[in-house]
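**Q** Take this structure, written in C-alpha cells, and hold onto it; I'll ask about it next.
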Amino acid sequence: MAERCAVIGLGQTKYARCLPVSMDGLVREAALRALEDAELTFTDIDAIVLGKAPDQLEGVMMPELSLCDALCAVGKPMHRVHTAGSVGGSTAITAATLIESGMYNTVLTVAYEKQSDGNFMWALSGGRSGGQGAGGSFAPWIRNYMKRSGAPEHIGWQVAVKDRLNALKNPYAHLHMKDISIESVKESPMLWDPLHFLESCPSSDGASAMVMTNAAGAKRAPRPPAWVLAHAKRTESGVFPGRDPVIPVAGMECAKALYKKAGITDPRRQIDCAELYVPFSWFEPMWLETHLICGPGEGWKMVDSGATEIGGDFPVDMSGGVLSSNPIGASGMIRCLEAANQVRGTAGDYQVEGARVALGQAYGGPSSYFAMWIVSSEPNPTFK
Amino acid sequence: MSEFPVSFTLEYPYTRTPGPVIGPFLTALRDGRILGIRCGGRVLCPPMEFDPDTGETLRPDFVEVGPSGRVESWTWIAEPTRKHPFQEPFAFALVKLDGADTAMAHAVKAAGPEAMSTGMRVTAQFREERAGAVSDVYFVPEDDARDQAIQPGEGEVEITTHLISLTYEGMLHPHNARYAQGLLDGKFIGQRSPVSGKVAIPSRGYDAIACVMLTPADDVELPPTGTVASYTVITPIKYRGQTETESYISATIFLDGSDQSLPMQDIRDIPLDEFRVGMRVRAIFKPPAERNIDAVGNDWMYPTVGDVLERWEPTGEPDVPVEELPETM
C-alpha cells in the first residue's frame with residue numbers, strides 16, 4: 001500500500017426503534033459528529049463511501065444519490081458498498097482502501113439503516129410472505145453447533161446478558177435493559193428453538209460514520225488516531241454441496257489473511273478485545289472458533305469462563321454489540337468503529353483498560369460475507 | 001420439455017419519517033398550500049433540508065409559493081401505467097411556481113400534447129382525497145383551473161406510507177424447469193458435478209466451486225428418503241402476509257445421495273418430542289393434481305420444493321449418527 005490509513009473521527013447517532021428524522025437527517029447527524037471529532041468540515045473531505053443493507057429494507061432505491069446533499073457529496077466521488085449485513089464492515093474497509101491506495105487524503109464513510117421505514121422480516125424473506133426470518137435460518141446451524149461442540153444451553157443466555165449489561169455503559173445503545181438476567185432470557189418466548197426472544201437483536205434506526213486519513217492527516221489530528229493495521233474480506237456462496245455453514249471456510253480464510261497481514265500469530269493473546277457481529281447470542285462462540293481465536297469446540301468455554309466479559313482476557317462486544325443495537329447496514333461499521341474507539345482510549349465506561357490492538361468483524365447473508373479489520377493505537381506495534 | 005413462466009411480485013407498504021422540512025411541505029399540501037424554503041437569496045420548491053450549494057442545514061424558513069407557475073420543460077405520457085398519477089394520457093413537467101426559483105417535477109392534466117408548451121402557465125389543483133403526499137396536488141393549464149375551497153386537515157404529517165410494488169416475469173432456467181417438472185412428477189431431480197462427484201438439489205445448473213456448467217446428462221434422480229441434519233421450531237411472528245399462526249418444525253434434510261441439504265422443510269405431523277437430528281424420514285408427495293410449483297423460481301438463495309409434499313414421515317429406520325452426515329452438517 002502507498003499510504004497508511006488512520007481513523008481520526010468517530011460519529012454515531014442514538015440507536016432506537018424509530019428516530020423521527022428523515023433518512024437525510026439521520027446520516028447527516030452521524031457524519032457531523034465524526035467530522036466534529038476530527039475537527040474537520042465537509043470541505044476537508046475528498047470522497048464519501050456509503051453503505052447500507054439491501055435497498056428493499058426501506059424501499060428507497062439507490063439512496064447514495066438522494067443522500068448526496070445531506071453528506072455534501074455533490075461534486076465529489078460518492079461510492080456505494082453493498083454486501084448485505086456485513087456491509088458496514090465492507091464499507092469501512094473500502095474507505096480505508098481509498099486512503100491506502102494514495103488516491104485520496106481524507107475520506108468520510110457513513111453506514112446506516114432506517115429499519116422503521118420497512119419490515120425486516122419481510123425483506124429477509126425475499127419479499128415472500130410466510131418467511132421465517134433470519135432467526136429461522138440460523139437456528140438449525142446453532143443447534144448443530146451445540147450438538148457438535150457439546151455446548152450447554154446456558155451459553156446463549158450468558159452472551160445475551162453480558163452484551164445487554166455492557167450496553168448499559170453505552171449511551172448510544174438501543175436497548176438499555178437494567179433488569180436483564182439469565183432467568184429473564186431463559187423465560188422469554190422461544191422464537192426459533194433454541195433461540196429465545198432475548199437472545200435476538202432488536203430492529204433499530206441509526207447511522208455511524210468515520211473520518212479516515214493518511215499519515216500526514218493523522219499528524220494534524222486533534223485526538224489520538226486508530227491505525228488500520230490490516231483488513232480482509234472473504235465471501236462464499238450460501239448454498240453449495242458440502243458447505244459447512246456453522247464454521248464457514250470463508251470466515252476462517254478471512255481471519256487467516258487478516259492475522260497474516262497484521263503480523264498476528266496468536267490472536268487470543270495479541271488482540272486485546274473484539275467487536276464481533278453477534279445478532280443472535282450463539283454467534284459469539286461460533287465466531288470465536290471460526291475466526292481462530294480459539295480451537296474447535298472451545299468458543300463456548302471462553303464464554304462460560306467469563307473471558308469475553310470486560311475485564312476478561314478477551315472482551316467481546318464491549319459496546320453492547322448487535323444484540324443491543326441493530327441498524328443492519330450500520331451494524332458492521334459500528335463493530336469497526338468501536339474497535340477504533342477502544343484503541344483510541346475514548347470508549348468511556350466500556351473502555352478496556354490499556355487496549356492497544358482491537359478486532360472489528362462483520363458478517364452478512366447466510367454467513368456468506370465476512371469483513372474484518374484490526375486497528376491499533378500504534379502505527380507499527382510489535383507482537384511477541 | 002415443459003416451459004414454466006415465473007412471476008413474482010414484491011410489494012410492501014413502507015413508511016417514512018419525512019423530517020423537519022418535507023414534513024411541513026406535505027402537511028401544507030394536504031391543506032391546499034405549496035411551501036418553498038428560503039435558501040440564501042433564493043426560494044427552493046420543493047424545499048430541501050440542506051443547502052445544495054454549501055451543504056449548510058437550512059433554517060425552516062418556509063414561504064408559500066404558487067399556486068400558479070410556468071412550465072420550464074415537459075414530456076407527454078401517452079400510455080400511463082397503473083402507478084402513474086393519471087390513468088389517461090398526461091404530461092410530466094418541470095413547473096417553476098410563482099415565488100420559487102427552482103422547478104418541481106410534477107403532473108399536468110392537459111387535453112393533449114398540443115395543449116402543452118414550454119413557457120405555458122399552469123395552476124395547482126388539489127385532489128378531493130388528500131393524504132399528505134406529493135400526489136395530493138397536480139397541475140392544469142391556467143385557464144382550465146377551478147377555484148377550490150380546501151378544508152385543512154388536522155395535525156402535522158409525521159409518518160407517510162408508500163405501497164411499493166414490483167413484478168418480475170420470466171421463465172424458469174432449463175435446469176430449474178427440469179427440477180420443477182420432477183416435483184410435479186413426484187421425483188427429486190438433482191445434479192451431480194462431474195468434477196467433485198457431489199450432488200446438489202436443487203442444483204444451480206453449475207458447480208459453484210469448480211466453476212463448471214452442468215448439463216442434462218448430469219441430472220440424477222434422488223430417492224424420497226433422507227436424514228434430518230438439524231431443525232428449529234418456529235413460533236410465528238406477526239407481520240403483513242404472515243399466514244402461520246401455530247408453532248411448527250422447520251428442518252434441514254439431506255436426501256439420500258445428496259451433498260446439499262434441503263433447508264426449511266415444514267414438519268407438521270411428527271410430534272416435537274419425537275423429532276431429532278439423525279432421524280430417518282421419507283417425503284410423501286401430494287396427489288399429482290394438487291402439486292404446485294409456483295414458489296419454485298430462479299432465485300437459488302431460497303431453495304424450495306414448492307407445494308408438492310403432503311408431509312415428511314419417519315421411516316422407522318435407526319438414526320444416522322451426526323458424524324456420518326455429508327460434511328459436518
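Residues in the C-alpha cells are numbered from 1 in each chain, the chains being A, B, ... in the order shown, and ligands are numbered from 1 in the order shown.
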I need the residues of segment 179-212 of chain B that end up classed as helix (DSSP H, G or I) by DSSP on the backbone, written out as a VMD selection string.
**A** chain B and resid 179 to 184
**Q** Quick one: residues within 12 Å of Ile180 of chain A, only C-alpha atoms counted, chain neighbours fewer than 4 positions away excluded, as a PyMOL selection string?
**A** chain A and resi 157-168+175-176+184-188+198-199+324
**Q** Export C-alpha atoms of the chosen residues as a short mmCIF file (atom, residue, chain, number, x, y, z; two decimals), in the first residue's frame?
**A**
```cif
data_model
loop_
_atom_site.label_atom_id
_atom_site.label_comp_id
_atom_site.auth_asym_id
_atom_site.auth_seq_id
_atom_site.Cartn_x
_atom_site.Cartn_y
_atom_site.Cartn_z
CA TRP A 157 -28.32 -16.87 27.71
CA GLN A 158 -24.99 -15.79 29.16
CA VAL A 159 -23.95 -13.91 25.99
CA ALA A 160 -27.37 -12.24 25.85
CA VAL A 161 -26.98 -10.97 29.42
CA LYS A 162 -23.33 -9.90 29.06
CA ASP A 163 -23.99 -7.81 25.94
CA ARG A 164 -27.07 -6.11 27.46
CA LEU A 165 -25.13 -5.29 30.64
CA ASN A 166 -22.32 -3.84 28.50
CA ALA A 167 -24.91 -1.75 26.63
CA LEU A 168 -25.88 -0.03 29.89
CA LEU A 175 -31.53 -1.49 24.41
CA HIS A 176 -30.90 -0.42 27.98
CA SER A 184 -35.38 -13.37 32.11
CA VAL A 185 -33.58 -14.56 28.95
CA LYS A 186 -34.49 -18.16 29.67
CA GLU A 187 -38.10 -17.25 30.42
CA SER A 188 -38.50 -15.03 27.34
CA LEU A 198 -33.94 -12.07 24.36
CA GLU A 199 -31.17 -13.95 22.55
CA SER A 324 -28.18 -4.26 21.85
#
```
**Q** With distances taken over only C-alpha atoms, which residue among B:Glu317, B:Glu128, B:Asp299, B:Asp144 lies nearest chain A?
**A**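 Of B:Glu317, B:Glu128, B:Asp299, B:Asp144, the one nearest chain A is B:Asp299, counting only C-alpha atoms.
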**Q** In Å, with one decimal, what is the gap from atom CA of Val107 of chain A to atom CA of Leu10 of chain A?
**A**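 Those two atoms sit 12.3 Å apart.
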**Q** Report, in Å to a single decimal, how far apart atom CA of Gly329 of chain A and atom CA of Val21 of chain A are.
**A**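 Computed distance, atom CA of Val21 of chain A to atom CA of Gly329 of chain A, equals 17.1 Å.
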**Q** Work out how far apart atom CA of Lys233 of chain A and atom CA of Leu65 of chain A are and give it in Å to one decimal.
**A**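 So the two atoms, atom CA of Lys233 of chain A and atom CA of Leu65 of chain A, lie 25.6 Å apart.
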**Q** Give me the residues of chain B that have any atom at most 7 Å from an atom of chain A; for each, the nearest atom pair and the distance in Å, rounded to one decimal. Use only C-alpha atoms, sort by chain and number, and format it as a Markdown table.
**A**
```
| residue | atom | partner | partner_atom | distance |
| --- | --- | --- | --- | --- |
| B:Leu10 | CA | A:Gly127 | CA | 5.4 |
| B:Tyr14 | CA | A:Gly118 | CA | 5.0 |
| B:Thr15 | CA | A:Asp117 | CA | 4.6 |
| B:Arg16 | CA | A:Asp117 | CA | 5.4 |
| B:Thr17 | CA | A:Ser22 | CA | 5.5 |
| B:Pro18 | CA | A:Ser22 | CA | 4.9 |
| B:Gly19 | CA | A:Ser22 | CA | 4.5 |
| B:Phe50 | CA | A:Ala70 | CA | 6.2 |
| B:Pro52 | CA | A:Asp69 | CA | 5.8 |
| B:Gly55 | CA | A:Cys72 | CA | 5.2 |
| B:Lys198 | CA | A:Pro241 | CA | 6.3 |
| B:Val199 | CA | A:Pro241 | CA | 6.5 |
| B:Ala200 | CA | A:Pro241 | CA | 5.6 |
| B:Ser230 | CA | A:Pro140 | CA | 5.1 |
| B:Tyr231 | CA | A:Pro140 | CA | 4.7 |
| B:Thr232 | CA | A:Asp193 | CA | 5.1 |
| B:Val233 | CA | A:Asp193 | CA | 4.8 |
| B:Ile234 | CA | A:Trp192 | CA | 4.7 |
| B:Thr235 | CA | A:Leu191 | CA | 5.0 |
| B:Gly241 | CA | A:Ser129 | CA | 4.7 |
| B:Gln242 | CA | A:Gly130 | CA | 4.6 |
| B:Thr243 | CA | A:Gly130 | CA | 5.7 |
| B:Glu244 | CA | A:Gly130 | CA | 6.5 |
| B:Asp259 | CA | A:Pro241 | CA | 4.7 |
| B:Gln260 | CA | A:Pro241 | CA | 4.2 |
| B:Pro326 | CA | A:Gly242 | CA | 6.5 |
| B:Glu327 | CA | A:Gly242 | CA | 5.5 |
| B:Thr328 | CA | A:Asp244 | CA | 6.0 |
| B:Met329 | CA | A:Asp244 | CA | 6.3 |
```
**Q** Output N, CA and C atoms for every residue in the selection just made, as a compact mmCIF listing (two decimals), in the first residue's frame.
**A**
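Wrote again.txt, looks like this:
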```txt
# COMPACT_ATOMS: atom_id res chain seq x y z
N LEU B 10 -43.00 -8.30 -5.60
CA LEU B 10 -42.52 -7.74 -4.35
C LEU B 10 -43.43 -6.57 -4.02
N TYR B 14 -44.21 0.67 2.71
CA TYR B 14 -43.14 1.26 3.53
C TYR B 14 -43.67 2.49 4.25
N THR B 15 -42.96 2.91 5.29
CA THR B 15 -43.30 4.18 5.94
C THR B 15 -42.09 5.10 5.84
N ARG B 16 -42.32 6.38 5.98
CA ARG B 16 -41.23 7.36 6.01
C ARG B 16 -41.48 8.31 7.16
N THR B 17 -40.39 8.75 7.79
CA THR B 17 -40.45 9.87 8.72
C THR B 17 -39.86 11.04 7.94
N PRO B 18 -40.70 11.94 7.40
CA PRO B 18 -40.20 12.92 6.43
C PRO B 18 -39.29 14.00 7.03
N GLY B 19 -39.34 14.18 8.34
CA GLY B 19 -38.40 15.12 8.95
C GLY B 19 -38.89 16.55 8.96
N PHE B 50 -31.08 20.69 3.22
CA PHE B 50 -29.70 21.19 3.21
C PHE B 50 -29.48 22.04 1.97
N PRO B 52 -28.17 23.06 -1.24
CA PRO B 52 -27.49 22.21 -2.24
C PRO B 52 -26.13 22.76 -2.67
N GLY B 55 -24.16 22.91 1.52
CA GLY B 55 -24.35 21.80 2.44
C GLY B 55 -24.83 22.23 3.82
N LYS B 198 -20.04 -34.46 -6.29
CA LYS B 198 -21.04 -34.10 -5.28
C LYS B 198 -22.38 -33.77 -5.94
N VAL B 199 -23.44 -34.08 -5.20
CA VAL B 199 -24.80 -33.92 -5.72
C VAL B 199 -25.48 -32.75 -5.02
N ALA B 200 -26.08 -31.87 -5.82
CA ALA B 200 -26.82 -30.73 -5.27
C ALA B 200 -28.28 -30.84 -5.66
N SER B 230 -30.64 -30.99 10.97
CA SER B 230 -30.88 -30.06 12.07
C SER B 230 -32.30 -29.53 11.92
N TYR B 231 -32.73 -28.74 12.88
CA TYR B 231 -34.09 -28.18 12.80
C TYR B 231 -34.23 -27.04 13.78
N THR B 232 -35.29 -26.28 13.60
CA THR B 232 -35.68 -25.28 14.59
C THR B 232 -37.19 -25.37 14.73
N VAL B 233 -37.69 -24.88 15.83
CA VAL B 233 -39.15 -24.78 16.00
C VAL B 233 -39.50 -23.32 15.89
N ILE B 234 -40.31 -22.98 14.89
CA ILE B 234 -40.64 -21.59 14.63
C ILE B 234 -41.92 -21.21 15.35
N THR B 235 -41.84 -20.16 16.14
CA THR B 235 -43.06 -19.57 16.72
C THR B 235 -43.35 -18.34 15.86
N GLY B 241 -48.75 -10.38 5.62
CA GLY B 241 -48.58 -11.53 4.74
C GLY B 241 -48.32 -12.83 5.48
N GLN B 242 -48.05 -12.75 6.78
CA GLN B 242 -47.79 -13.96 7.55
C GLN B 242 -49.06 -14.78 7.63
N THR B 243 -48.95 -16.06 7.26
CA THR B 243 -50.14 -16.91 7.28
C THR B 243 -50.06 -17.94 8.40
N GLU B 244 -48.86 -18.06 9.01
CA GLU B 244 -48.69 -19.07 10.06
C GLU B 244 -49.20 -18.54 11.39
N ASP B 259 -25.44 -34.10 -1.37
CA ASP B 259 -24.43 -33.43 -0.54
C ASP B 259 -24.86 -32.03 -0.15
N GLN B 260 -26.07 -31.65 -0.54
CA GLN B 260 -26.57 -30.31 -0.22
C GLN B 260 -27.94 -30.46 0.42
N PRO B 326 -23.31 -35.81 5.39
CA PRO B 326 -22.34 -35.19 4.48
C PRO B 326 -21.65 -34.02 5.16
N GLU B 327 -20.34 -33.98 5.03
CA GLU B 327 -19.53 -32.94 5.67
C GLU B 327 -19.94 -32.85 7.13
N THR B 328 -20.03 -31.63 7.64
CA THR B 328 -20.29 -31.51 9.07
C THR B 328 -21.75 -31.27 9.39
N MET B 329 -22.55 -30.85 8.38
CA MET B 329 -23.98 -30.65 8.67
C MET B 329 -24.69 -31.98 8.62
```
**Q** Using only C-alpha atoms, determine which residues lie at most 10 Å from segment 287-292 of chain A, disregarding the query and same-chain residues fewer than 3 positions distant; provide the list as an MDAnalysis selection string.
**A** chainID A and resid 246:256 258:259 266:268 274 276:278 282:284 295:300 302:303 308 316 361 363 372
**Q** Any chance you can output those residues with C-alpha atoms as a compact mmCIF listing (two decimals), in the first residue's frame?
**A**
```
# COMPACT_ATOMS: atom_id res chain seq x y z
CA VAL A 246 -21.64 -23.34 11.09
CA ILE A 247 -17.92 -22.70 10.68
CA PRO A 248 -17.77 -21.30 7.11
CA VAL A 249 -14.50 -21.68 5.25
CA ALA A 250 -14.73 -18.03 4.11
CA GLY A 251 -14.78 -16.92 7.76
CA MET A 252 -11.66 -18.92 8.57
CA GLU A 253 -9.83 -17.78 5.45
CA CYS A 254 -10.74 -14.16 6.17
CA ALA A 255 -9.24 -14.40 9.67
CA LYS A 256 -6.09 -16.14 8.42
CA LEU A 258 -6.17 -10.71 8.35
CA TYR A 259 -3.80 -12.01 11.02
CA ASP A 266 -1.60 -15.76 18.47
CA PRO A 267 -4.87 -13.79 18.15
CA ARG A 268 -6.24 -14.53 21.61
CA ALA A 274 -13.01 -7.56 19.75
CA LEU A 276 -17.91 -9.24 16.69
CA TYR A 277 -21.18 -9.21 14.73
CA VAL A 278 -23.42 -11.24 17.05
CA TRP A 282 -24.72 -18.13 19.88
CA PHE A 283 -22.72 -16.37 17.20
CA GLU A 284 -20.23 -15.21 19.84
CA GLY A 295 -9.79 -24.02 18.82
CA PRO A 296 -12.84 -26.01 17.66
CA GLY A 297 -15.29 -26.60 20.50
CA GLU A 298 -13.50 -24.05 22.73
CA GLY A 299 -15.62 -20.97 21.93
CA TRP A 300 -18.39 -21.74 24.42
CA MET A 302 -14.40 -18.93 26.64
CA VAL A 303 -17.91 -17.56 27.16
CA THR A 308 -15.31 -12.41 26.91
CA VAL A 316 -16.12 -9.19 23.14
CA GLN A 361 -15.74 -8.03 12.46
CA TYR A 363 -20.76 -10.93 8.57
CA MET A 372 -12.72 -7.80 9.36
```
**Q** Quick one: everything within 12 Å of Met48 of chain B, counting only C-alpha atoms, minus sequence neighbours fewer than 3 positions away in the same chain. Send it as a PyMOL selection string.
**A** (chain A and resi 22+24-25+66-67+69-70) or (chain B and resi 18-25+35-39+43-45+51-53+55-62+102+104)
**Q** In terms of the shortest atom-to-atom distance over only C-alpha atoms, which of A:Ser325, A:Pro224, A:Ile155, A:Ala209 is closest to Gly306 of chain A?
**A**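 When distances to Gly306 of chain A are compared using only C-alpha atoms, the smallest one comes from A:Ile155.
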